[in-house]
Structure formats: C-alpha cells, structure tokens
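Content type compact mmCIF, C-alpha atoms, from the file query.txt:
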# COMPACT_ATOMS: atom_id res chain seq x y z
CA MET V 1 231.41 107.50 -56.04
CA ILE V 2 230.32 110.88 -57.37
CA VAL V 3 226.74 111.90 -56.56
CA GLN V 4 226.84 115.25 -58.31
CA ALA V 5 229.39 117.75 -59.61
CA THR V 6 229.32 121.32 -60.91
CA LEU V 7 232.24 122.72 -62.92
CA SER V 8 232.36 126.43 -63.72
CA ARG V 9 234.63 129.37 -64.65
CA PRO V 10 236.25 127.91 -67.79
CA ALA V 11 239.98 128.33 -68.35
CA LYS V 12 241.33 130.00 -71.50
CA ASN V 13 241.92 126.67 -73.23
CA SER V 14 238.50 125.21 -72.34
CA GLU V 15 236.97 125.57 -75.81
CA GLU V 16 240.00 123.91 -77.36
CA ARG V 17 239.82 120.97 -74.95
CA LEU V 18 236.04 120.49 -75.14
CA GLU V 19 235.48 121.61 -78.76
CA LYS V 20 232.61 123.87 -77.63
CA PRO V 21 232.51 127.11 -75.59
CA TYR V 22 231.02 125.57 -72.44
CA ILE V 23 230.80 127.92 -69.48
CA LYS V 24 229.44 125.39 -66.97
CA VAL V 25 228.88 121.65 -66.66
CA ARG V 26 226.59 119.83 -64.20
CA ILE V 27 226.74 116.07 -63.72
CA TRP V 28 224.55 114.03 -61.39
CA LYS V 29 223.66 110.41 -60.66
CA LYS V 30 220.15 109.56 -61.78
CA VAL V 31 219.58 106.18 -60.13
CA ASP V 32 221.20 103.78 -57.72
CA SER V 33 223.80 102.05 -59.89
CA ALA V 34 224.73 99.34 -57.39
CA LEU V 35 222.71 96.66 -59.17
CA LEU V 36 223.52 97.75 -62.72
CA SER V 37 226.41 96.88 -65.02
CA PRO V 38 229.51 99.16 -64.93
CA GLY V 39 228.76 100.55 -68.41
CA ALA V 40 225.13 101.50 -67.75
CA LYS V 41 224.19 105.15 -68.35
CA THR V 42 223.32 106.00 -64.76
CA TYR V 43 224.51 109.63 -64.88
CA GLU V 44 223.23 112.69 -66.67
CA GLY V 45 225.29 115.69 -67.73
CA GLU V 46 224.11 119.19 -68.66
CA PHE V 47 226.59 121.30 -70.64
CA PHE V 48 225.95 125.06 -70.80
CA THR V 49 227.14 127.61 -73.35
CA GLN V 50 226.19 131.29 -73.14
CA THR V 51 222.95 130.63 -75.03
CA GLN V 52 222.22 126.88 -74.93
CA ALA V 53 222.22 123.80 -72.73
CA PHE V 54 222.92 120.25 -73.93
CA ARG V 55 222.05 117.00 -72.14
CA LYS V 56 224.11 113.79 -72.34
CA GLN V 57 223.74 110.38 -70.71
CA LEU V 58 226.92 109.08 -69.03
CA SER V 59 228.10 105.89 -67.41
CA GLN V 60 229.67 106.05 -63.96
CA LYS V 61 233.15 105.71 -65.48
CA GLU V 62 232.49 108.43 -68.07
CA ALA V 63 231.20 110.80 -65.39
CA GLU V 64 234.13 110.20 -63.05
CA ASP V 65 236.68 110.40 -65.88
CA PHE V 66 235.24 113.72 -67.05
CA VAL V 67 235.31 115.25 -63.57
CA ASN V 68 238.84 113.99 -62.85
CA GLU V 69 240.13 115.28 -66.17
CA HIS V 70 238.55 118.74 -66.16
CA ALA V 71 238.00 119.84 -62.52
CA GLY V 72 240.56 122.52 -61.72
CA LYS V 73 242.06 122.36 -65.22
CA THR V 74 239.51 123.02 -67.93
CA PHE V 75 237.25 124.63 -65.31
CA ARG V 76 238.80 126.67 -62.52
CA ASN V 77 235.99 126.06 -60.02
CA ALA V 78 234.43 122.72 -59.15
CA LEU V 79 232.10 121.48 -56.44
CA ILE V 80 232.05 117.69 -56.22
CA ARG V 81 229.76 115.77 -53.89
CA ARG V 82 230.51 112.14 -53.20
CA GLU V 83 228.64 109.75 -50.91
CA ASP V 84 230.77 110.60 -47.90
CA GLU V 85 232.45 113.94 -48.66
CA GLU V 86 232.15 117.25 -50.46
CA GLU V 87 235.18 118.60 -52.33
CA THR V 88 235.71 122.18 -53.54
CA ILE V 89 238.42 122.71 -56.16
CA LEU V 90 239.68 126.25 -56.89
CA THR V 91 242.36 127.32 -59.36
CA ASN V 92 243.94 130.78 -59.20
CA ARG V 93 245.21 132.86 -62.09
CA HIS V 94 248.69 131.31 -61.78
CA GLY V 95 247.33 127.80 -62.22
CA LYS V 96 247.68 126.73 -58.58
CA ILE V 97 244.97 124.20 -57.69
CA THR V 98 243.53 124.10 -54.17
CA SER V 99 241.33 121.25 -52.98
CA ILE V 100 239.16 121.56 -49.86
CA LYS V 101 237.36 118.47 -48.58
CA LYS V 102 234.82 118.08 -45.81
CA PRO V 103 232.95 114.96 -44.71
CA ILE V 104 229.19 114.65 -45.19
CA LYS V 105 227.26 113.38 -42.19
CA THR V 106 224.45 111.25 -43.53
CA SER V 107 223.86 109.01 -40.51
CA GLU V 108 224.55 108.66 -36.82
CA GLU V 109 225.77 105.61 -34.96
CA ASN V 110 224.26 104.45 -31.70
CA THR V 111 226.22 102.92 -28.85
CA SER V 112 226.01 99.43 -30.35
CA GLY V 113 227.59 100.62 -33.60
CA GLU V 114 224.39 100.34 -35.64
CA LYS V 115 223.56 103.12 -38.06
CA LYS V 116 220.35 105.08 -37.81
CA SER V 117 218.40 106.27 -40.84
CA PRO V 118 219.60 109.47 -42.56
CA ILE V 119 218.59 112.54 -40.60
CA PRO V 120 216.33 114.18 -43.28
CA HIS V 121 214.06 111.10 -43.32
CA ASN V 122 213.71 111.02 -39.53
CA ARG V 123 211.74 114.24 -39.58
CA LYS V 124 208.18 114.44 -40.78
CA LYS V 125 207.22 117.74 -42.40
CA ASN V 126 203.86 118.74 -43.77
CA TYR V 127 204.29 119.30 -47.50
CA LEU V 128 201.73 120.31 -50.11
CA PHE V 129 202.90 117.23 -52.01
CA GLU V 130 203.06 114.65 -49.24
CA GLU V 131 205.47 111.76 -49.08
CA GLY V 132 203.49 108.52 -49.28
CA CYS V 133 200.91 109.99 -51.68
CA PRO V 134 202.09 109.34 -55.25
CA VAL V 135 201.94 112.36 -57.56
CA PRO V 136 201.89 111.35 -61.25
CA PHE V 137 204.48 113.79 -62.57
CA LEU V 138 206.84 113.15 -59.63
CA VAL V 139 206.65 109.42 -60.29
CA GLU V 140 207.35 109.89 -64.00
CA LEU V 141 210.27 112.23 -63.30
CA GLY V 142 211.83 109.76 -60.89
CA VAL V 143 211.37 111.83 -57.73
CA MET V 144 208.84 109.34 -56.25
CA THR V 145 208.30 105.64 -56.54
CA LYS V 146 204.89 104.33 -57.64
CA GLU V 147 204.09 103.84 -53.96
CA GLY V 148 204.75 107.53 -53.24
CA LYS V 149 208.09 107.08 -51.48
CA VAL V 150 210.59 109.84 -52.22
CA VAL V 151 213.76 108.53 -53.89
CA ALA V 152 216.64 109.25 -51.49
CA GLN V 153 218.83 110.90 -54.11
CA LYS V 154 215.93 113.15 -55.16
CA TYR V 155 215.01 114.34 -51.69
CA ASP V 156 216.58 117.78 -52.24
CA LYS V 157 214.56 118.16 -55.45
CA PHE V 158 211.41 117.06 -53.59
CA ARG V 159 211.99 119.78 -50.99
CA GLN V 160 212.65 122.36 -53.70
CA ILE V 161 209.42 121.45 -55.52
CA ASN V 162 207.41 121.74 -52.31
CA ARG V 163 209.05 125.03 -51.41
CA PHE V 164 208.08 126.43 -54.80
CA ALA V 165 204.52 125.11 -54.40
CA GLU V 166 204.30 126.97 -51.09
CA TYR V 167 205.19 130.25 -52.82
CA ILE V 168 202.50 129.69 -55.46
CA ASN V 169 199.96 128.73 -52.78
CA ASP V 170 200.72 131.89 -50.78
CA LEU V 171 200.13 134.03 -53.87
CA ILE V 172 196.71 132.63 -54.78
CA PRO V 173 194.75 135.04 -52.49
CA GLN V 174 196.69 138.00 -53.90
CA MET V 175 196.02 136.93 -57.50
CA GLU V 176 192.31 136.57 -56.66
CA LYS V 177 192.32 140.05 -55.13
CA LEU V 178 194.08 141.56 -58.14
CA ARG V 179 191.51 139.90 -60.42
CA GLY V 180 188.66 141.46 -58.46
CA LYS V 181 185.31 139.97 -57.38
CA GLU V 182 183.81 140.73 -60.78
CA ASN V 183 186.34 138.49 -62.57
CA PRO V 184 186.99 135.31 -60.52
CA PHE V 185 188.91 132.34 -61.85
CA SER V 186 186.60 130.15 -63.91
CA GLU V 187 186.54 127.82 -66.90
CA HIS V 188 185.89 130.84 -69.12
CA SER V 189 188.55 132.96 -67.41
CA PRO V 190 191.21 130.60 -66.00
CA LEU V 191 194.26 131.56 -63.99
CA THR V 192 196.93 131.95 -66.68
CA LEU V 193 200.58 131.15 -65.93
CA VAL V 194 203.58 131.32 -68.28
CA ASP V 195 206.98 129.81 -67.45
CA PHE V 196 209.80 131.29 -69.54
CA GLY V 197 212.80 128.99 -69.87
CA SER V 198 210.90 126.06 -68.40
CA GLY V 199 213.65 123.49 -69.09
CA LYS V 200 212.87 120.05 -67.72
CA SER V 201 209.83 121.69 -66.06
CA TYR V 202 209.78 120.09 -62.60
CA LEU V 203 208.39 123.33 -61.21
CA THR V 204 206.03 124.00 -64.13
CA PHE V 205 204.42 120.63 -63.48
CA ALA V 206 204.35 121.43 -59.75
CA ALA V 207 202.52 124.72 -60.36
CA TYR V 208 199.90 123.07 -62.58
CA HIS V 209 199.34 120.12 -60.25
CA LEU V 210 198.95 122.42 -57.25
CA LEU V 211 196.52 124.77 -58.98
CA HIS V 212 194.44 122.26 -60.93
CA GLU V 213 194.58 119.03 -58.91
CA VAL V 214 195.07 120.26 -55.32
CA LYS V 215 193.38 123.69 -55.20
CA LYS V 216 190.85 122.89 -57.96
CA ILE V 217 191.39 126.26 -59.65
CA PRO V 218 190.72 126.44 -63.40
CA CYS V 219 194.07 127.29 -64.95
CA LYS V 220 196.05 127.38 -68.15
CA VAL V 221 199.80 126.83 -67.83
CA THR V 222 202.35 127.23 -70.63
CA GLY V 223 206.04 126.28 -70.55
CA LEU V 224 208.31 127.96 -73.10
CA ASP V 225 211.89 126.93 -73.90
CA LEU V 226 214.34 126.90 -76.81
CA LYS V 227 215.29 123.22 -76.48
CA LYS V 228 213.01 121.27 -78.83
CA GLU V 229 213.79 117.80 -77.46
CA VAL V 230 213.15 118.88 -73.87
CA ILE V 231 209.85 120.54 -74.83
CA GLU V 232 208.71 117.42 -76.71
CA ASN V 233 209.48 115.24 -73.68
CA CYS V 234 207.61 117.62 -71.35
CA GLN V 235 204.56 117.64 -73.62
CA LYS V 236 204.55 113.82 -73.76
CA LEU V 237 204.70 113.69 -69.97
CA SER V 238 201.88 116.23 -69.66
CA ASP V 239 199.73 114.17 -72.01
CA LYS V 240 200.58 110.97 -70.12
CA CYS V 241 199.54 112.53 -66.81
CA GLY V 242 196.28 113.81 -68.34
CA TYR V 243 197.17 117.47 -67.72
CA THR V 244 194.99 118.90 -70.50
CA ASP V 245 195.68 122.56 -69.73
CA LEU V 246 199.45 122.24 -69.32
CA ASN V 247 201.17 122.80 -72.65
CA PHE V 248 204.74 123.35 -73.82
CA SER V 249 206.07 125.26 -76.82
CA VAL V 250 209.44 125.78 -78.45
CA GLY V 251 210.43 129.44 -78.72
CA ASP V 252 211.85 132.44 -76.95
CA ILE V 253 210.14 135.32 -75.21
CA ALA V 254 210.22 137.49 -78.32
CA ASP V 255 208.22 134.86 -80.21
CA TYR V 256 205.55 134.84 -77.52
CA GLY V 257 204.56 138.39 -78.40
CA ASN V 258 202.17 140.63 -76.51
CA GLN V 259 199.73 138.65 -74.41
CA LYS V 260 197.00 140.09 -72.23
CA GLY V 261 195.36 138.50 -69.23
CA ILE V 262 198.38 136.64 -67.83
CA ASP V 263 198.13 136.33 -64.05
CA LEU V 264 201.59 134.97 -63.23
CA VAL V 265 204.96 134.84 -64.99
CA ILE V 266 207.66 132.61 -63.58
CA THR V 267 211.25 132.53 -64.76
CA LEU V 268 213.30 129.95 -62.91
CA HIS V 269 217.02 129.64 -63.60
CA ALA V 270 216.68 131.30 -67.01
CA CYS V 271 220.29 131.83 -67.99
CA ASP V 272 221.84 135.29 -67.70
CA THR V 273 219.93 137.99 -69.65
CA ALA V 274 217.05 135.63 -70.52
CA THR V 275 215.70 136.60 -67.09
CA ASP V 276 215.78 140.28 -68.12
CA TYR V 277 213.74 139.62 -71.27
CA ALA V 278 211.17 137.67 -69.23
CA LEU V 279 210.88 140.47 -66.69
CA ASP V 280 210.63 143.05 -69.48
CA PHE V 281 207.80 141.03 -71.02
CA ALA V 282 205.96 140.80 -67.70
CA ILE V 283 206.30 144.52 -66.95
CA LYS V 284 205.21 145.68 -70.41
CA ASN V 285 202.22 143.30 -70.41
CA ASN V 286 201.14 144.40 -66.91
CA VAL V 287 201.44 140.90 -65.45
CA PRO V 288 200.30 141.29 -61.82
CA VAL V 289 202.57 138.65 -60.21
CA ILE V 290 206.15 137.59 -61.05
CA LEU V 291 208.35 134.88 -59.52
CA SER V 292 211.96 134.94 -60.71
CA VAL V 293 214.95 132.87 -59.62
CA PRO V 294 217.86 134.27 -61.66
CA CYS V 295 220.77 132.12 -62.80
CA CYS V 296 224.18 132.45 -64.48
CA GLN V 297 224.38 136.24 -64.10
CA HIS V 298 227.42 136.74 -66.32
CA GLU V 299 226.59 140.09 -67.87
CA ILE V 300 227.97 142.45 -65.22
CA ASN V 301 230.77 140.06 -64.23
CA LEU V 302 232.07 139.91 -67.83
CA GLN V 303 232.03 143.70 -67.99
CA LEU V 304 233.99 143.95 -64.74
CA GLU V 305 236.56 141.44 -66.04
CA LYS V 306 237.16 143.51 -69.18
CA LEU V 307 237.15 146.95 -67.55
CA PRO V 308 240.21 148.46 -65.86
CA ALA V 309 240.38 147.91 -62.11
CA LEU V 310 238.06 150.10 -60.09
CA GLU V 311 239.67 153.18 -58.58
CA LYS V 312 241.07 152.47 -55.13
CA GLU V 313 238.69 155.05 -53.64
CA ASN V 314 235.70 153.11 -54.95
CA PRO V 315 233.99 151.34 -52.03
CA LEU V 316 233.62 148.18 -54.15
CA ALA V 317 237.24 148.03 -55.32
CA SER V 318 238.36 145.48 -52.71
CA ILE V 319 235.58 143.09 -53.70
CA ALA V 320 236.13 143.46 -57.45
CA ARG V 321 239.83 142.51 -57.12
CA TYR V 322 239.11 138.85 -56.39
CA PRO V 323 237.45 136.74 -59.12
CA LEU V 324 235.15 134.71 -56.86
CA LEU V 325 234.05 137.74 -54.85
CA ARG V 326 233.63 139.75 -58.06
CA GLU V 327 231.37 137.05 -59.48
CA ARG V 328 229.15 137.14 -56.39
CA LEU V 329 229.15 140.93 -56.35
CA ALA V 330 228.01 140.93 -59.98
CA ALA V 331 225.18 138.49 -59.22
CA LEU V 332 223.97 140.52 -56.23
CA ALA V 333 224.22 143.77 -58.19
CA THR V 334 222.17 142.23 -61.02
CA ASP V 335 219.43 141.13 -58.61
CA ALA V 336 219.45 144.55 -56.95
CA VAL V 337 219.07 146.34 -60.31
CA ARG V 338 216.13 144.10 -61.28
CA ALA V 339 214.43 144.60 -57.92
CA GLU V 340 214.80 148.40 -58.10
CA LEU V 341 213.44 148.49 -61.66
CA LEU V 342 210.43 146.35 -60.72
CA GLU V 343 209.65 148.71 -57.84
CA GLN V 344 209.89 151.70 -60.16
CA LYS V 345 207.31 150.01 -62.39
CA GLY V 346 204.80 149.67 -59.58
CA TYR V 347 205.62 146.28 -58.05
CA CYS V 348 206.05 145.42 -54.39
CA VAL V 349 209.27 143.37 -54.44
CA GLN V 350 210.75 140.90 -51.98
CA ALA V 351 214.10 139.12 -52.25
CA LEU V 352 213.64 135.72 -50.63
CA GLU V 353 215.64 132.55 -50.04
CA PHE V 354 214.18 130.06 -52.49
CA ILE V 355 215.86 126.92 -51.11
CA ASP V 356 218.58 126.35 -48.52
CA MET V 357 222.08 127.32 -49.72
CA THR V 358 223.21 123.77 -48.90
CA HIS V 359 221.26 122.48 -51.90
CA THR V 360 221.89 125.18 -54.52
CA PRO V 361 223.83 128.48 -54.63
CA LYS V 362 221.20 129.90 -57.04
CA ASN V 363 218.74 130.42 -54.22
CA ILE V 364 217.54 134.03 -54.41
CA MET V 365 213.97 134.52 -55.54
CA LEU V 366 212.49 137.87 -56.55
CA ARG V 367 208.77 137.94 -55.80
CA ALA V 368 206.99 140.91 -57.33
CA VAL V 369 203.29 141.79 -56.89
CA LYS V 370 201.72 144.69 -58.79
CA THR V 371 200.41 147.59 -56.71
CA GLN V 372 198.50 150.67 -57.78
CA THR V 373 201.36 153.14 -57.48
CA SER V 374 205.14 153.17 -57.91
CA LYS V 375 207.22 153.04 -54.74
CA ASN V 376 210.01 155.53 -53.94
CA THR V 377 210.58 156.06 -57.66
CA GLU V 378 213.03 158.96 -57.37
CA ASP V 379 214.97 157.39 -54.49
CA GLY V 380 215.17 154.14 -56.44
CA LYS V 381 216.56 155.89 -59.51
CA VAL V 382 219.28 157.52 -57.41
CA ARG V 383 220.25 154.20 -55.81
CA LEU V 384 220.19 152.40 -59.13
CA ASN V 385 222.27 154.93 -61.03
CA SER V 386 224.75 155.15 -58.16
CA LEU V 387 225.25 151.35 -58.21
CA LEU V 388 225.74 151.13 -61.98
CA GLN V 389 228.04 154.16 -62.07
CA SER V 390 230.14 152.86 -59.17
CA LEU V 391 230.70 149.62 -61.06
CA GLY V 392 230.98 151.28 -64.47
CA VAL V 393 228.61 148.77 -66.08
CA SER V 394 225.31 148.56 -67.94
CA GLN V 395 222.44 146.10 -67.44
CA THR V 396 220.00 144.58 -69.94
CA LEU V 397 216.66 145.09 -68.14
CA TYR V 398 217.60 148.73 -67.53
CA LYS V 399 218.23 149.20 -71.28
CA LEU V 400 215.09 147.33 -72.31
CA LEU V 401 212.85 149.46 -70.12
CA GLU V 402 214.54 152.68 -71.26
CA ASP V 403 213.96 151.71 -74.91
Structure rendered as structure tokens:
Amino acid sequence: MIVQATLSRPAKNSEERLEKPYIKVRIWKKVDSALLSPGAKTYEGEFFTQTQAFRKQLSQKEAEDFVNEHAGKTFRNALIRREDEEETILTNRHGKITSIKKPIKTSEENTSGEKKSPIPHNRKKNYLFEEGCPVPFLVELGVMTKEGKVVAQKYDKFRQINRFAEYINDLIPQMEKLRGKENPFSEHSPLTLVDFGSGKSYLTFAAYHLLHEVKKIPCKVTGLDLKKEVIENCQKLSDKCGYTDLNFSVGDIADYGNQKGIDLVITLHACDTATDYALDFAIKNNVPVILSVPCCQHEINLQLEKLPALEKENPLASIARYPLLRERLAALATDAVRAELLEQKGYCVQALEFIDMTHTPKNIMLRAVKTQTSKNTEDGKVRLNSLLQSLGVSQTLYKLLED
C-alpha cells in the first residue's frame, strides 16, 4: 500500500497524457483506510504547474493506478514510499527505467518474535507543542487526535511543525532587540508576521499559536496565497479555533503593496521565483527578520537545459552534464545567490537544515536577520557575479534588486 509518492521531471509527452502542464505531483494517504470501503477517498493529491497547485481527493485504487501508470513514464523521477519499502524510479534520456528499492525498518522484533513499537515513538523529546496536549489547529488538521495523541502517519509533519516553532522561538529575543526598548510588542504595536505563499498553512498556524497562545505575545499574522479555496478553508479554521488575529487573504505579493512595520516575513515552499518576489518585498520594506525555505527552483535549471553545454574547462561542466546533478546544482546556486544578495542588503544570513533529509528534500532554510551595516559587500559581488557568469544564467532576485 502506498503511503506517499512524489513524481517529478515530466517527460515530453506529459502534457498530452495529463491534459495539463504538470511539473510535479504529490500523493499521500490521509487516514488509515483499513476500516473504510475500497472506494473511499482516503488519499490526497497535489498537482503542480509552473504557477499553480491543484488538490484532488483520491481513493486508494485511484492513487495506486495513477502512480503505476505515470511513474517512470509520464514523469521521469519518482519516489514512492510504501508501508515496508521505499522505491526510487529513474528514467534516462533514452527511456530506460531503473527501479531501486530499499526496505523501511519501522519496528524491531525481540527474541520471542513479538514486535516492539515503532522506533520514533519510543523516544520522548521535549517539543514546544507537546504530544499528549491537544492543540486546536493540529487536531483540526488531522495531526493530533482530540486526546492529543499524534497520528502515526503525521508524525513527520508534527516534527516539522515543532522544528519550525523552535526557529520562531529562537528569533523572538532578536526581534525584541531590533524593535528597541522604546517600542516593545503590545496590543497597540503587535508583532507583525506575513507568510507569503501560505498554502495549507500548517506552519502559519504554528507561528500564531506559538506567539499568541504559548508565549503570550500580542501579534498579527497574515497568510497570503493565490488559491482561493485553500485560503477560505484556512480562514474558516482560524475562526473555528478562535484565532482572532490570524487572517488569510487571496492575492500575490504584488497586491500586498508596500507595508511598514512588519517584523517577520516567512516564505515556506513558495514555488520557484515566488520566493524571489517575497524576498524582494522583505528587503525593500526593511523587514528585520526573514525565514525562507525555497522550493521548486526551476529557473536556473531550465536555463541550463536550454543553453549549450558548458565549456569543458568550466569547473561546473561535469556536474551540469547529468540531469539530476544539474537540477541539484541549480537549486544550490539559487540559494547561494539569494544568500549573497541578502548579505549585500545588510542581513546576517545562515543556511540551515530545516528538517531531516529523510522527510523532505526541500530542507534548506535561509534565516536572515537585519544588521546595521552590509557585510563583505564587494567580496560578495565578486563571488555572485563569478557564479552567475560561470553558469551563464540570470536570476530573478538579482534582477529585481537591480531594477
């Protein structure tokens, strides 16, 4: 039984087969389907184009049929996780499909043959959102039961939410310092947070609950996304939980306009250049703290695909020859460009591991905190221009800041 699957790198005939230009598809099991009828919609699929994401409810059969039909064919890369194994499917340019399987160890057997509980639940860790203490939004989103027990299939999401909460918690003293003693957080001057590309908003809810309910800090949190249905659902959930200062709006970053007094901008898995527009907004509005987890960094990779092969003397030529390595090179180069540009604009920047690579490959977080002066501006410009010239590419945040 499939637990989750990610299909990416569409083949040339993908739009013809799917009737839409999907670049990636994610499918995951929402609930334990053992007690439900075979046709029940126990899976959820998210279908990504370059600019949009669409959600669809699927039965177990529909999910498995889709993955079996399109993994390695319509999409050249696929990562499929079943209850007992993980399968990676890769297709090369000649159409040869390679399947690599490895077992997943979820339990250990003792000498009598009895199975012990899964390893992650044997270890007690101190979280900001503790297991056993029900959190309203986690219950409503299906991460916790009403008794506060973490749903087994959502344990990775629970860890991710807590990891993100830790980052926010660590930044509170710095945001207070940047505000200054003369302007503390208060009902008249709340901590203001904007989440660009908030999506289903697990982490937007986590930020609000941490600040308002746990730390008791007056705050105003806004989630912004282009998907109207998702935003409406998030607002209903916020109202249901009684989160009066957590609001959601439909729109893009350009619609948000110039806003002063924002303390923190977060952009989590905003697709491709949407991250650049969010960072551009934060820089130009002097937002003191930024948390960004980039996603789907296609811009440089698409340029490298269309450009002639790099000269053999180029130190990056060997990496750019292979599609998978080229894709990762493009993602790392994009993150490096953004980090350099943030430093040039007076931010202290760290590139951190957001969540363990086992749970998501999109695990690099850029944490930027405003300082008084720019850091190594000239050296950064040299490094940045050297990287872009070596690859022969351009980058959106670079262009936005130049303009």
remark   = Students should find that CA of Ile217 (chain V) and CA of Leu268 (chain V) are spaced 22.5 Å
ask   = Which is closest to Lys30 (chain V) among V:Ala152, V:Leu307, V:Ile319, V:Cys133, if we use only C-alpha atoms?
value = V:Ala152
inquiry  = Would you compute the distance between CA of Tyr167 (chain V) and CA of Phe205 (chain V)? Give it in Å to one decimal.
reply    =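 Calculated distance between CA of Tyr167 (chain V) and CA of Phe205 (chain V) is 14.4 Å.
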inquiry  = Would you pick out the contacts of Thr396 (chain V) at 7 Å or less, using only C-alpha atoms, so that residues sharing its chain but fewer than 4 positions from it are not included, and give the list as a count of residues only?
reply    = 3
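What separates CA of His188 (chain V) from CA of Cys219 (chain V) is a distance of 9.8 Å.
The residue that comes closest to Leu401 (chain V), out of V:Ala351, V:Leu291, V:Ala165, V:Leu279 and on the basis of only C-alpha atoms, is V:Leu279.
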task = Tell me, as an MDAnalysis selection string, which residues lie within 10 Å of Pro288 (chain V), counting all atoms listed in the file; anything in the same chain fewer than 3 positions away does not count.
result = chainID V and resid 174:175 178:179 261:265 282:283 285 346:347 368:371
ask   = Hey, what's within 10 Å of Pro103 (chain V) if we count only C-alpha atoms and toss same-chain stuff fewer than 6 positions away? As a ChimeraX atom specification, please?
value = /V:81-87
Please save C-alpha atoms of the selected residues as a compact mmCIF listing (two decimals), in the frame of the given file.
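Written output follows (again39.txt):
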# COMPACT_ATOMS: atom_id res chain seq x y z
CA ARG V 81 229.76 115.77 -53.89
CA ARG V 82 230.51 112.14 -53.20
CA GLU V 83 228.64 109.75 -50.91
CA ASP V 84 230.77 110.60 -47.90
CA GLU V 85 232.45 113.94 -48.66
CA GLU V 86 232.15 117.25 -50.46
CA GLU V 87 235.18 118.60 -52.33
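Nearest to Arg367 (chain V) of all the residues V:Asp403, V:Val293, V:Gly142, V:Leu18 is V:Val293, counting all atoms listed in the file.
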task = For each of V:Leu325, V:Ile2, V:Cys296, V:Ala270, take the minimum atom-to-atom distance to Glu64 (chain V), counting all atoms listed in the file, then give the residue where this is smallest.
result =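 Result for the nearest residue to Glu64 (chain V): V:Ile2.
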request  = Would you mind listing what lies within 9 Å of Arg383 (chain V) as a PyMOL selection string, with all atoms listed in the file counted and same-chain residues fewer than 5 positions away left out?
outcome  = chain V and resi 340+378+388
key: Residues within 10 Å of Ile161 (chain V), only C-alpha atoms, excluding chain neighbours under 4 positions, as a list of chain:residue names   = V:Tyr127, V:Leu128, V:Phe129, V:Leu138, V:Tyr155, V:Asp156, V:Lys157, V:Ala165, V:Glu166, V:Tyr202, V:Leu203, V:Thr204, V:Phe205, V:Ala206, V:Ala207, V:Ile355
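The nearest approach to Pro323 (chain V) among the residues V:His70, V:Thr91, V:Glu16, V:His212, with only C-alpha atoms taken into account, belongs to V:Thr91.
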message = When you count all atoms listed in the file, which of these residues is closest to Gln4 (chain V): V:Asn385, V:Gln60, V:Asn363, V:Thr275?
response = V:Gln60
Enclosing box along x, y and z for every listed atom of region 211-229 of chain V, padded 5 Å each side, centre and size in Å, one decimal, as lines of an AutoDock Vina configuration file:
center_x = 203.0
center_y = 122.9
center_z = -67.0
size_x = 34.6
size_y = 20.2
size_z = 33.6
